[in-house]
Amino acid sequence: MEEKYLKSRFGKIGLVLHSFANGWDDSPVKREHTHAPIKSIGNSTTTPRDLETDEDVKIILYVLAESVAARLRENGFKCHVVEISVRDNALHHFTRQHKIDRPTNITSEIAQEAYRIFRATYQWEKPIRSLGVRGAELTLDHAYEQLDIFCDYTRREKQEKADAAVDEIRKRFGYFSIQRGLMYQDKLLSSLDAKGSHTVHPQGYFS
């Protein structure tokens, strides 16, 4: 099939399909079992119903933050930036992000920052249909960190241990074996297993 026709019919993806069909690929050959470096870890979901209050949003942000934080810990990373994405029920979409004071993979810190960003940027003109949370600017979780005299490192260490215990319990007995009290405010919204149902899609070929 001619490229001009494919482009006129499908747009840019038509050229991508033509390249794939003909085996054209000028990317460097990689060794077997090598992987592209992870630049960010995120998760998003279309909610079971429209979100209409801050409390609705808080539940979903905590569900998503649990997924993101658990995957950060799984892969040995912490994030310097927390980002949220919001789509209302009219399909208007935006993203906002903020660089935090110290890198983290603590669930509550990511969730609280995501919620703070949401409260600071959304005016509730329309109900919300989908939300996303992402951790970006990743660093290794054992990398050196500049200490801060105003940070309660004892409390953070306890939170890290608590998150590790939750990860282990869920690994052995399933995601719903242990839940935050917040989740019991709305069983429909909290019924989402964001991590277990998350599908990791390949990075776009022409990105």
# chains A, B, ... in the order shown; residues from 1 in each chain; ligands from 1
call {"tool": "select_by_dssp", "arguments": {"residues": "region 17-191 of chain A", "states": "strand (DSSP E)", "output": "PyMOL selection string"}}
result
chain A and resi 40-51+77-88+93-104+128-140
call {"tool": "select_by_dssp", "arguments": {"residues": "region 38-157 of chain A", "states": "helix (DSSP H, G or I)", "output": "ChimeraX atom specification"}}
result
/A:54-75,107-121,153-157
call {"tool": "write_last_selection", "arguments": {"atoms": "N, CA and C atoms", "output": "short mmCIF file (atom, residue, chain, number, x, y, z; two decimals), in the first residue's frame"}}
result
data_model
loop_
_atom_site.label_atom_id
_atom_site.label_comp_id
_atom_site.auth_asym_id
_atom_site.auth_seq_id
_atom_site.Cartn_x
_atom_site.Cartn_y
_atom_site.Cartn_z
N ASP A 54 -14.29 16.40 47.10
CA ASP A 54 -12.87 16.23 47.43
C ASP A 54 -12.61 14.86 48.05
N GLU A 55 -13.55 14.38 48.87
CA GLU A 55 -13.37 13.07 49.52
C GLU A 55 -13.36 11.94 48.49
N ASP A 56 -14.21 12.04 47.46
CA ASP A 56 -14.18 11.05 46.38
C ASP A 56 -12.79 11.01 45.75
N VAL A 57 -12.27 12.18 45.44
CA VAL A 57 -10.96 12.29 44.80
C VAL A 57 -9.87 11.75 45.70
N LYS A 58 -9.96 12.06 46.98
CA LYS A 58 -8.94 11.61 47.94
C LYS A 58 -8.84 10.09 47.96
N ILE A 59 -9.98 9.40 47.93
CA ILE A 59 -9.97 7.94 47.93
C ILE A 59 -9.22 7.40 46.72
N ILE A 60 -9.56 7.91 45.53
CA ILE A 60 -8.93 7.42 44.30
C ILE A 60 -7.45 7.78 44.27
N LEU A 61 -7.09 8.97 44.72
CA LEU A 61 -5.68 9.35 44.74
C LEU A 61 -4.88 8.43 45.66
N TYR A 62 -5.46 8.03 46.79
CA TYR A 62 -4.76 7.10 47.68
C TYR A 62 -4.63 5.72 47.04
N VAL A 63 -5.68 5.27 46.35
CA VAL A 63 -5.60 3.98 45.65
C VAL A 63 -4.47 4.01 44.62
N LEU A 64 -4.42 5.09 43.83
CA LEU A 64 -3.38 5.21 42.80
C LEU A 64 -2.00 5.39 43.41
N ALA A 65 -1.91 6.19 44.48
CA ALA A 65 -0.62 6.41 45.13
C ALA A 65 -0.08 5.11 45.71
N GLU A 66 -0.95 4.25 46.24
CA GLU A 66 -0.50 2.96 46.75
C GLU A 66 0.13 2.13 45.64
N SER A 67 -0.49 2.17 44.46
CA SER A 67 0.05 1.44 43.32
C SER A 67 1.40 2.01 42.90
N VAL A 68 1.48 3.32 42.75
CA VAL A 68 2.72 3.96 42.30
C VAL A 68 3.85 3.74 43.31
N ALA A 69 3.55 3.97 44.59
CA ALA A 69 4.58 3.82 45.62
C ALA A 69 5.07 2.37 45.70
N ALA A 70 4.16 1.41 45.61
CA ALA A 70 4.55 0.00 45.67
C ALA A 70 5.45 -0.36 44.50
N ARG A 71 5.15 0.16 43.31
CA ARG A 71 5.98 -0.13 42.14
C ARG A 71 7.32 0.58 42.22
N LEU A 72 7.36 1.77 42.81
CA LEU A 72 8.64 2.43 43.05
C LEU A 72 9.51 1.56 43.96
N ARG A 73 8.93 1.07 45.06
CA ARG A 73 9.68 0.23 45.99
C ARG A 73 10.12 -1.07 45.33
N GLU A 74 9.24 -1.64 44.55
CA GLU A 74 9.55 -2.89 43.83
C GLU A 74 10.78 -2.74 42.96
N ASN A 75 10.89 -1.60 42.30
CA ASN A 75 11.97 -1.36 41.34
C ASN A 75 13.16 -0.63 41.95
N THR A 107 4.03 5.80 50.56
CA THR A 107 2.68 5.93 50.00
C THR A 107 1.98 7.20 50.47
N SER A 108 1.99 7.44 51.77
CA SER A 108 1.23 8.58 52.30
C SER A 108 1.79 9.91 51.81
N GLU A 109 3.11 10.01 51.64
CA GLU A 109 3.70 11.26 51.17
C GLU A 109 3.30 11.53 49.72
N ILE A 110 3.30 10.51 48.88
CA ILE A 110 2.89 10.69 47.48
C ILE A 110 1.41 11.03 47.40
N ALA A 111 0.58 10.32 48.18
CA ALA A 111 -0.86 10.58 48.16
C ALA A 111 -1.18 11.99 48.66
N GLN A 112 -0.55 12.40 49.75
CA GLN A 112 -0.82 13.72 50.31
C GLN A 112 -0.39 14.83 49.35
N GLU A 113 0.75 14.64 48.68
CA GLU A 113 1.20 15.65 47.72
C GLU A 113 0.26 15.70 46.51
N ALA A 114 -0.18 14.54 46.03
CA ALA A 114 -1.12 14.50 44.91
C ALA A 114 -2.42 15.21 45.27
N TYR A 115 -2.90 14.98 46.48
CA TYR A 115 -4.14 15.61 46.93
C TYR A 115 -3.96 17.12 47.10
N ARG A 116 -2.79 17.53 47.61
CA ARG A 116 -2.52 18.96 47.76
C ARG A 116 -2.51 19.66 46.40
N ILE A 117 -1.88 19.02 45.40
CA ILE A 117 -1.85 19.59 44.05
C ILE A 117 -3.28 19.71 43.50
N PHE A 118 -4.08 18.66 43.71
CA PHE A 118 -5.46 18.69 43.22
C PHE A 118 -6.25 19.83 43.85
N ARG A 119 -6.18 19.96 45.17
CA ARG A 119 -6.94 21.00 45.87
C ARG A 119 -6.51 22.39 45.41
N ALA A 120 -5.24 22.54 45.05
CA ALA A 120 -4.72 23.85 44.65
C ALA A 120 -5.07 24.21 43.21
N THR A 121 -5.50 23.23 42.40
CA THR A 121 -5.66 23.50 40.96
C THR A 121 -7.06 23.24 40.41
N TYR A 153 13.11 12.14 60.55
CA TYR A 153 13.56 10.93 59.88
C TYR A 153 13.12 9.66 60.61
N THR A 154 12.92 9.76 61.92
CA THR A 154 12.41 8.61 62.67
C THR A 154 11.01 8.24 62.19
N ARG A 155 10.16 9.26 62.02
CA ARG A 155 8.80 9.02 61.53
C ARG A 155 8.83 8.46 60.11
N ARG A 156 9.69 9.00 59.25
CA ARG A 156 9.77 8.51 57.87
C ARG A 156 10.24 7.06 57.82
N GLU A 157 11.19 6.72 58.70
CA GLU A 157 11.67 5.34 58.75
C GLU A 157 10.55 4.39 59.16
#
call {"tool": "atom_distance", "arguments": {"atom1": "CA of Tyr184 (chain A)", "atom2": "CA of Gly135 (chain A)"}}
result
25.9 Å
call {"tool": "closest_residue", "arguments": {"among": "A:His80, A:Arg9, A:Lys171, A:Arg49", "to": "Lys99 (chain A)", "atoms": "only C-alpha atoms"}}
result
A:His80
call {"tool": "atom_distance", "arguments": {"atom1": "CA of Thr139 (chain A)", "atom2": "CA of Arg180 (chain A)"}}
result
27.5 Å
call {"tool": "residues_around", "arguments": {"residues": "Thr95 (chain A)", "least_positions_apart": "4", "cutoff": "12 Å", "atoms": "only C-alpha atoms", "output": "VMD selection string"}}
result
chain A and resid 44 82 to 88 114 117 to 118 121 to 122 130 to 134
call {"tool": "write_last_selection", "arguments": {"atoms": "N, CA, C and O atoms", "output": "JSON list (two decimals), in the first residue's frame"}}
result
[["chain", "number", "residue", "atom", "x", "y", "z"],
["A", 44, "SER", "N", -3.12, 5.40, 36.21],
["A", 44, "SER", "CA", -4.33, 6.20, 36.10],
["A", 44, "SER", "C", -5.52, 5.26, 35.96],
["A", 44, "SER", "O", -5.36, 4.08, 35.64],
["A", 82, "VAL", "N", 6.02, 14.68, 41.98],
["A", 82, "VAL", "CA", 4.70, 14.04, 41.98],
["A", 82, "VAL", "C", 3.83, 14.78, 40.97],
["A", 82, "VAL", "O", 3.77, 16.01, 40.97],
["A", 83, "GLU", "N", 3.18, 14.02, 40.10],
["A", 83, "GLU", "CA", 2.33, 14.60, 39.05],
["A", 83, "GLU", "C", 0.95, 13.97, 39.12],
["A", 83, "GLU", "O", 0.81, 12.78, 39.39],
["A", 84, "ILE", "N", -0.07, 14.79, 38.88],
["A", 84, "ILE", "CA", -1.43, 14.26, 38.76],
["A", 84, "ILE", "C", -1.98, 14.61, 37.38],
["A", 84, "ILE", "O", -1.57, 15.59, 36.76],
["A", 85, "SER", "N", -2.88, 13.78, 36.91],
["A", 85, "SER", "CA", -3.64, 14.08, 35.69],
["A", 85, "SER", "C", -5.12, 13.98, 36.02],
["A", 85, "SER", "O", -5.53, 13.11, 36.79],
["A", 86, "VAL", "N", -5.90, 14.88, 35.46],
["A", 86, "VAL", "CA", -7.33, 14.96, 35.75],
["A", 86, "VAL", "C", -8.10, 15.08, 34.44],
["A", 86, "VAL", "O", -7.74, 15.87, 33.57],
["A", 87, "ARG", "N", -9.17, 14.28, 34.31],
["A", 87, "ARG", "CA", -10.07, 14.41, 33.16],
["A", 87, "ARG", "C", -11.50, 14.49, 33.69],
["A", 87, "ARG", "O", -11.94, 13.61, 34.44],
["A", 88, "ASP", "N", -12.21, 15.56, 33.32],
["A", 88, "ASP", "CA", -13.58, 15.68, 33.81],
["A", 88, "ASP", "C", -14.55, 14.92, 32.90],
["A", 88, "ASP", "O", -14.14, 14.30, 31.92],
["A", 114, "ALA", "N", -0.18, 14.54, 46.03],
["A", 114, "ALA", "CA", -1.12, 14.50, 44.91],
["A", 114, "ALA", "C", -2.42, 15.21, 45.27],
["A", 114, "ALA", "O", -2.97, 16.00, 44.48],
["A", 117, "ILE", "N", -1.88, 19.02, 45.40],
["A", 117, "ILE", "CA", -1.85, 19.59, 44.05],
["A", 117, "ILE", "C", -3.28, 19.71, 43.50],
["A", 117, "ILE", "O", -3.65, 20.73, 42.92],
["A", 118, "PHE", "N", -4.08, 18.66, 43.71],
["A", 118, "PHE", "CA", -5.46, 18.69, 43.22],
["A", 118, "PHE", "C", -6.25, 19.83, 43.85],
["A", 118, "PHE", "O", -6.91, 20.61, 43.15],
["A", 121, "THR", "N", -5.50, 23.23, 42.40],
["A", 121, "THR", "CA", -5.66, 23.50, 40.96],
["A", 121, "THR", "C", -7.06, 23.24, 40.41],
["A", 121, "THR", "O", -7.39, 23.78, 39.35],
["A", 122, "TYR", "N", -7.90, 22.46, 41.10],
["A", 122, "TYR", "CA", -9.20, 22.13, 40.52],
["A", 122, "TYR", "C", -10.32, 22.91, 41.20],
["A", 122, "TYR", "O", -10.38, 22.98, 42.43],
["A", 130, "SER", "N", -11.77, 10.64, 35.37],
["A", 130, "SER", "CA", -10.55, 9.82, 35.53],
["A", 130, "SER", "C", -9.45, 10.62, 36.20],
["A", 130, "SER", "O", -9.40, 11.85, 36.08],
["A", 131, "LEU", "N", -8.59, 9.90, 36.90],
["A", 131, "LEU", "CA", -7.47, 10.49, 37.61],
["A", 131, "LEU", "C", -6.20, 9.68, 37.37],
["A", 131, "LEU", "O", -6.28, 8.48, 37.10],
["A", 132, "GLY", "N", -5.07, 10.34, 37.49],
["A", 132, "GLY", "CA", -3.79, 9.64, 37.39],
["A", 132, "GLY", "C", -2.79, 10.22, 38.37],
["A", 132, "GLY", "O", -2.87, 11.40, 38.73],
["A", 133, "VAL", "N", -1.86, 9.39, 38.81],
["A", 133, "VAL", "CA", -0.77, 9.81, 39.69],
["A", 133, "VAL", "C", 0.52, 9.25, 39.11],
["A", 133, "VAL", "O", 0.56, 8.09, 38.68],
["A", 134, "ARG", "N", 1.56, 10.08, 39.10],
["A", 134, "ARG", "CA", 2.85, 9.65, 38.56],
["A", 134, "ARG", "C", 4.00, 10.17, 39.43],
["A", 134, "ARG", "O", 3.96, 11.29, 39.91]]
call {"tool": "closest_residue", "arguments": {"among": "A:Leu147, A:Lys126, A:Lys78, A:Ile100", "to": "Lys39 (chain A)", "atoms": "only C-alpha atoms"}}
result
A:Lys78
